[in-house]
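Here's the structure, in C-alpha cells; my notes come after.
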Amino acid sequence: MAQDADFNKFFTDSTMRIDYFHIGNSESEEFTIDKIYRYDNWGRNTNNLIDNFNNGRYYYKVYDNESGKLIYSKGFDSYFGEYQTSGPAIDGIKKAYQESVIIPFPKSGITLSIEKRNNEKKLVKIYTTVIDPADVNIISAKTIDDDVLVYNSFSSGDPSEKVDIVILGEGYNREETNKFTSDIDRFTNIFFDQEPYRSLKKKFNIYGVLKPSSESGVDEPRADIFRETTLNATFNSLGSERYLLTADNKTMRDLAAYTPYDAIYIMVNHSRYGGGGIYNLFCTFTADAQFSKYLFIHEFGHSFAGLADEYYTSSTAYNDFYPKGVEPVEPNITALLDPDKLKWRNFVDQGTQIPTPWNKAKFDNADLKWQKNRAKMNDKIADLKRKHVDPDIIADAEKMYADKDKERSDIVDKFLENEPYWGKVGAFEGAGYVSEGLYRPMMDCIMFSKGNKPFCKVCNDAIIKVINYYTE
C-alpha cells in the first residue's frame, strides 16, 4: 500500500486540470494532451492523496520528478473504457473522447502516468508525460459566466474536510430555473434519506450549478428528437436506449469548477427513465422519471464508490465486460474463485452456504420475459415519437409502460423477500451483467433491482470507506 505524500511539500493550494484526448478502438488506445488549466484553490482533502482502493479500470499516478516519489493517484473508469467493449469498437471503429485529470497544482516538475488493467486485472503503464508547472501555456482559468447560476443546497463546513457534491443541471431552459432549484432541494432530501448518507450527513456539502439550455429536455435519437442543451447529454449512449451520458467533458468540467467538488451529478430535466454512472467521472439521472429516486441513488453508487451493477437479465451495450475466470475489482461482486477467501467474508454468518442457493431459474425465466416485453414497449414509444403521432397516444403508451414497469418491480420485491436467505449475506449467483460465474452479496440491493430500498451491507460498507477517504 502506497504511503501518502506531504501536501505542503509538493503542492500549492490551487488546482491543475489536465485535459487530454483518449483515442482508439477495442484493440488500440492512445493519449494526447489538449490543454492544462490552473484554478485558484484546491478545496479538497489534503491528507489522503494516494488512492489505495484498487478500483477502476484505469489509474492516474503523479510522480515528483526530483525524488521519483508517488505524490498523487486516483483510480477511475472512463467513457472510452466502456466504448472499448462496444460493438463498434470491436468492429475497429476508432473514436476520441476528452477526459481530465484533476490534481493539486505541483510546486515543481511532475510525471503523469496512466495505467490500465490487463486481462488479469493487473495495472500496466500505458502512457506517461512530463509536465512543467511553470509552462507559460498553462491557462489561468476563470469562472465568470454571468449566465451560470450557483445554488447552495446543503452546507456542513470546510470543503477540504467534506465530500463536496456538485449537481449540474442539464436541459433546463431559462424559464425552468426555479424548477432546477426545486429539483436540487428535492434530491438533496432524497440523498439524506438514504443510508449511509443519512447517518453521515455532516460530512457533505451539496451545490447546484446551472447554465440554462436553449431548449428543454435532451436528445432521444431513437425517437428522432434532438435538443440544444448545455452539456449535450443524450439517451441511447453506446447504443443502449436508456443509457444517458455526455461526451462533452470540457463543458462539464468548466461548470463543475464553479464550486468545490469531489463528485459530479448531472441532473437531466426529463421524465423518461434513464441514467448512467462512471467511476470517479460523473453520474446522470432523469429528474422526473417514475424511478428517479432509484436512479439518483443507484447511479451515484457507481460513480462515487465504484460499485458494480448487480443485475444481469437486462441488455447492455457491453461485451465481456468482466473476463471469465478473473476476480473483478469492484467491492460488491465476485467470481468466487476461492470461496474460502470471499472478499466480504466478514459479513457472512457462520453456516451460510457458499455459493448461496436461491430460486434463480424461476427468477430468470420471468425476468427475461419481462425484459423482452419492456424492449417492445420502448420500441413502440420511440416509433410513435418518431412518427409525430398525437401526443395523447404517446402519453397513453408511456403510461402503460410505467404501469407495467412498476408492476414488475413490485413482483420482483415480493419474490426476493420470500427467499430463505433474504436479509442474509452470502454469494448469490447472477451479477455484473452475466447469469453464471459472478455473484452478489445479498438477495437484493439498490444495485440489483429498482425501487426504494437500501444498499446491501457490503455496498454500504464500501461507500462509508470512500466517504472517510474524502473527509478524514
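Each chain in the C-alpha cells gets a letter, A, B, ..., in the order shown, and its residues are numbered from 1; ligands are numbered from 1 in order too.
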With a distance cut-off of 8 Å and only C-alpha atoms, select the neighbouring residues of A:Tyr401, excluding the residue or stretch itself and same-chain residues fewer than 6 positions from it, and output the selection as a list in words.
->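 The residues satisfying every condition are Arg374, Met377 and Asn378 of chain A.
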Please dump the current selection as an mmCIF file, in the first residue's frame; keep N, CA, C and O atoms.
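Saved file again-v9.cif follows:
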```
data_model
loop_
_atom_site.group_PDB
_atom_site.id
_atom_site.type_symbol
_atom_site.label_atom_id
_atom_site.label_comp_id
_atom_site.auth_asym_id
_atom_site.auth_seq_id
_atom_site.Cartn_x
_atom_site.Cartn_y
_atom_site.Cartn_z
ATOM 1 N N ARG A 374 -40.517 -5.337 -22.145
ATOM 2 C CA ARG A 374 -40.091 -3.964 -21.889
ATOM 3 C C ARG A 374 -39.464 -3.347 -23.138
ATOM 4 O O ARG A 374 -39.759 -2.204 -23.509
ATOM 5 N N MET A 377 -42.159 -2.472 -25.720
ATOM 6 C CA MET A 377 -42.914 -1.269 -25.366
ATOM 7 C C MET A 377 -42.093 -0.011 -25.606
ATOM 8 O O MET A 377 -42.608 0.994 -26.116
ATOM 9 N N ASN A 378 -40.805 -0.053 -25.271
ATOM 10 C CA ASN A 378 -39.950 1.107 -25.510
ATOM 11 C C ASN A 378 -39.749 1.363 -27.000
ATOM 12 O O ASN A 378 -39.703 2.511 -27.441
#
```
Could I get the residues of stretch 351-431 of chain A with an atom no further than 7 Å from an atom of stretch 441-462 of chain A, each paired with its nearest atom pair and that distance in Å to one decimal, using only C-alpha atoms, sorted by chain and residue number, as a Markdown table?
```
| residue | atom | partner | partner_atom | distance |
| --- | --- | --- | --- | --- |
| A:Ser409 | CA | A:Lys450 | CA | 6.4 |
| A:Leu416 | CA | A:Met443 | CA | 6.4 |
| A:Trp422 | CA | A:Met443 | CA | 5.9 |
| A:Gly423 | CA | A:Met442 | CA | 6.9 |
| A:Lys424 | CA | A:Met442 | CA | 6.2 |
| A:Val425 | CA | A:Met442 | CA | 5.0 |
| A:Gly426 | CA | A:Pro441 | CA | 5.3 |
| A:Ala427 | CA | A:Pro441 | CA | 5.1 |
| A:Phe428 | CA | A:Pro441 | CA | 6.3 |
```
Could you pull the residues within 8 Å of stretch 168-170 of chain A, counting only C-alpha atoms, minus those fewer than 3 positions along the same chain, as a ChimeraX atom specification?
-> /A:180,208-213,217-218,229-231,233,252,255-256,264-269
Write the residues of the preceding selection, restricted to N, CA, C and O atoms, as a CSV table (one decimal), in the first residue's frame.
```csv
chain,number,residue,atom,x,y,z
A,180,PHE,N,-35.3,24.0,-11.5
A,180,PHE,CA,-33.9,23.4,-11.2
A,180,PHE,C,-33.6,23.5,-9.7
A,180,PHE,O,-33.2,22.5,-9.1
A,208,GLY,N,-25.5,23.2,-6.4
A,208,GLY,CA,-26.1,23.1,-7.8
A,208,GLY,C,-25.5,24.1,-8.7
A,208,GLY,O,-25.2,25.2,-8.3
A,209,VAL,N,-25.3,23.7,-9.9
A,209,VAL,CA,-24.8,24.7,-10.9
A,209,VAL,C,-25.6,24.5,-12.2
A,209,VAL,O,-25.8,23.4,-12.7
A,210,LEU,N,-26.1,25.6,-12.7
A,210,LEU,CA,-26.9,25.6,-14.0
A,210,LEU,C,-26.5,26.7,-14.9
A,210,LEU,O,-26.4,27.8,-14.6
A,211,LYS,N,-26.2,26.3,-16.1
A,211,LYS,CA,-26.1,27.2,-17.3
A,211,LYS,C,-27.3,26.8,-18.1
A,211,LYS,O,-27.4,25.7,-18.7
A,212,PRO,N,-28.4,27.7,-18.2
A,212,PRO,CA,-29.6,27.3,-18.9
A,212,PRO,C,-29.3,26.9,-20.4
A,212,PRO,O,-28.5,27.4,-21.1
A,213,SER,N,-30.1,25.9,-20.8
A,213,SER,CA,-30.0,25.4,-22.1
A,213,SER,C,-30.9,26.1,-23.0
A,213,SER,O,-31.9,26.8,-22.6
A,217,GLY,N,-35.1,19.5,-22.1
A,217,GLY,CA,-35.0,18.1,-22.4
A,217,GLY,C,-33.6,17.8,-22.9
A,217,GLY,O,-32.7,18.6,-22.8
A,218,VAL,N,-33.5,16.6,-23.5
A,218,VAL,CA,-32.2,16.1,-24.1
A,218,VAL,C,-32.5,15.3,-25.3
A,218,VAL,O,-33.7,15.0,-25.6
A,229,THR,N,-28.7,21.7,-25.9
A,229,THR,CA,-28.5,21.7,-24.4
A,229,THR,C,-27.1,22.0,-24.1
A,229,THR,O,-26.2,21.8,-24.9
A,230,THR,N,-26.9,22.5,-22.9
A,230,THR,CA,-25.6,22.9,-22.4
A,230,THR,C,-24.6,21.8,-22.4
A,230,THR,O,-23.4,22.0,-22.8
A,231,LEU,N,-24.9,20.7,-21.8
A,231,LEU,CA,-24.0,19.6,-21.6
A,231,LEU,C,-24.0,18.5,-22.7
A,231,LEU,O,-23.3,17.5,-22.7
A,233,ALA,N,-26.0,16.1,-23.4
A,233,ALA,CA,-26.3,14.7,-22.9
A,233,ALA,C,-27.3,14.1,-23.9
A,233,ALA,O,-28.1,14.7,-24.5
A,252,MET,N,-18.6,20.1,-19.0
A,252,MET,CA,-18.9,19.6,-17.7
A,252,MET,C,-17.9,20.1,-16.7
A,252,MET,O,-18.3,20.6,-15.6
A,255,LEU,N,-18.2,23.9,-15.9
A,255,LEU,CA,-19.3,24.2,-15.0
A,255,LEU,C,-19.1,23.7,-13.6
A,255,LEU,O,-19.4,24.4,-12.6
A,256,ALA,N,-18.5,22.5,-13.4
A,256,ALA,CA,-18.3,22.0,-12.1
A,256,ALA,C,-17.3,22.8,-11.3
A,256,ALA,O,-17.4,22.9,-10.1
A,264,ILE,N,-19.5,14.5,-9.2
A,264,ILE,CA,-20.4,15.2,-10.1
A,264,ILE,C,-21.6,14.4,-10.4
A,264,ILE,O,-21.6,13.2,-10.8
A,265,TYR,N,-22.8,15.0,-10.2
A,265,TYR,CA,-24.1,14.5,-10.7
A,265,TYR,C,-24.4,15.4,-11.9
A,265,TYR,O,-24.2,16.6,-11.9
A,266,ILE,N,-25.1,14.8,-12.8
A,266,ILE,CA,-25.8,15.6,-13.9
A,266,ILE,C,-27.3,15.2,-13.8
A,266,ILE,O,-27.7,14.1,-14.0
A,267,MET,N,-28.0,16.2,-13.5
A,267,MET,CA,-29.5,16.1,-13.3
A,267,MET,C,-30.2,16.5,-14.6
A,267,MET,O,-30.1,17.7,-15.0
A,268,VAL,N,-30.9,15.6,-15.2
A,268,VAL,CA,-31.4,15.8,-16.5
A,268,VAL,C,-32.9,16.1,-16.4
A,268,VAL,O,-33.7,15.3,-15.8
A,269,ASN,N,-33.3,17.2,-17.0
A,269,ASN,CA,-34.7,17.6,-17.0
A,269,ASN,C,-35.6,16.8,-18.0
A,269,ASN,O,-35.8,17.3,-19.1
```
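With only C-alpha atoms as the basis for measurement, A:Lys293 is the residue among A:Lys293, A:Tyr469, A:His22, A:Ile393 that approaches A:Phe192 most closely.
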Name all residues at most 9 Å from stretch 220-223 of chain A (count only C-alpha atoms; drop same-chain ones fewer than 2 positions away) and give them as a list of chain:residue names.
->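 Close residues of stretch 220-223 of chain A: A:Val218, A:Ile225, A:Phe226, A:Arg227, A:Thr234, A:Phe235, A:Asn236, A:Glu241, A:Asp379, A:Ile381, A:Ala382, A:Asp383, A:Leu384, A:Lys385, A:Arg386, A:Lys387.
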Restricted to N, CA and C atoms, what would the selected residues look like written as an mmCIF file, in the first residue's frame?
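Listed below is the output, again_23.cif:
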```
data_model
loop_
_atom_site.group_PDB
_atom_site.id
_atom_site.type_symbol
_atom_site.label_atom_id
_atom_site.label_comp_id
_atom_site.auth_asym_id
_atom_site.auth_seq_id
_atom_site.Cartn_x
_atom_site.Cartn_y
_atom_site.Cartn_z
ATOM 1 N N VAL A 218 -33.487 16.570 -23.468
ATOM 2 C CA VAL A 218 -32.221 16.135 -24.066
ATOM 3 C C VAL A 218 -32.504 15.292 -25.306
ATOM 4 N N ILE A 225 -35.509 12.841 -31.833
ATOM 5 C CA ILE A 225 -35.648 14.073 -31.065
ATOM 6 C C ILE A 225 -34.253 14.540 -30.660
ATOM 7 N N PHE A 226 -33.940 15.788 -31.013
ATOM 8 C CA PHE A 226 -32.636 16.357 -30.687
ATOM 9 C C PHE A 226 -32.827 17.760 -30.121
ATOM 10 N N ARG A 227 -32.137 18.037 -29.027
ATOM 11 C CA ARG A 227 -32.293 19.307 -28.327
ATOM 12 C C ARG A 227 -30.936 20.019 -28.214
ATOM 13 N N THR A 234 -27.248 12.743 -23.969
ATOM 14 C CA THR A 234 -28.127 12.037 -24.893
ATOM 15 C C THR A 234 -28.482 10.649 -24.384
ATOM 16 N N PHE A 235 -29.743 10.276 -24.614
ATOM 17 C CA PHE A 235 -30.131 8.880 -24.457
ATOM 18 C C PHE A 235 -29.452 8.074 -25.570
ATOM 19 N N ASN A 236 -29.559 6.759 -25.472
ATOM 20 C CA ASN A 236 -29.010 5.853 -26.484
ATOM 21 C C ASN A 236 -27.492 5.911 -26.554
ATOM 22 N N GLU A 241 -30.718 2.114 -25.144
ATOM 23 C CA GLU A 241 -31.782 3.113 -25.212
ATOM 24 C C GLU A 241 -31.960 3.934 -23.943
ATOM 25 N N ASP A 379 -39.636 0.299 -27.775
ATOM 26 C CA ASP A 379 -39.531 0.447 -29.230
ATOM 27 C C ASP A 379 -40.781 1.112 -29.787
ATOM 28 N N ILE A 381 -42.890 3.140 -28.210
ATOM 29 C CA ILE A 381 -42.928 4.556 -27.816
ATOM 30 C C ILE A 381 -41.996 5.377 -28.693
ATOM 31 N N ALA A 382 -40.795 4.875 -28.936
ATOM 32 C CA ALA A 382 -39.843 5.585 -29.795
ATOM 33 C C ALA A 382 -40.401 5.745 -31.202
ATOM 34 N N ASP A 383 -41.064 4.709 -31.716
ATOM 35 C CA ASP A 383 -41.644 4.759 -33.058
ATOM 36 C C ASP A 383 -42.770 5.793 -33.134
ATOM 37 N N LEU A 384 -43.597 5.836 -32.096
ATOM 38 C CA LEU A 384 -44.687 6.819 -32.071
ATOM 39 C C LEU A 384 -44.134 8.245 -32.073
ATOM 40 N N LYS A 385 -43.093 8.474 -31.298
ATOM 41 C CA LYS A 385 -42.486 9.808 -31.261
ATOM 42 C C LYS A 385 -41.842 10.147 -32.610
ATOM 43 N N ARG A 386 -41.191 9.176 -33.198
ATOM 44 C CA ARG A 386 -40.523 9.404 -34.473
ATOM 45 C C ARG A 386 -41.530 9.755 -35.572
ATOM 46 N N LYS A 387 -42.732 9.194 -35.476
ATOM 47 C CA LYS A 387 -43.777 9.454 -36.473
ATOM 48 C C LYS A 387 -44.625 10.676 -36.135
#
```
DSSP helix (DSSP H, G or I) residues within stretch 134-273 of chain A, as JSON, numbers by chain | {"A": [159, 160, 161, 174, 175, 176, 177, 178, 179, 180, 181, 182, 183, 184, 185, 186, 187, 188, 189, 190, 191, 201, 202, 203, 221, 222, 223, 237, 238, 239, 249, 250, 251, 252, 253, 254, 255, 256]}
Kindly indicate which residue among A:Lys343, A:Lys179, A:Lys35, A:Arg253 lies nearest to A:His270, using only C-alpha atoms for the distances.
->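 For A:His270, the nearest of the candidates is A:Lys179.
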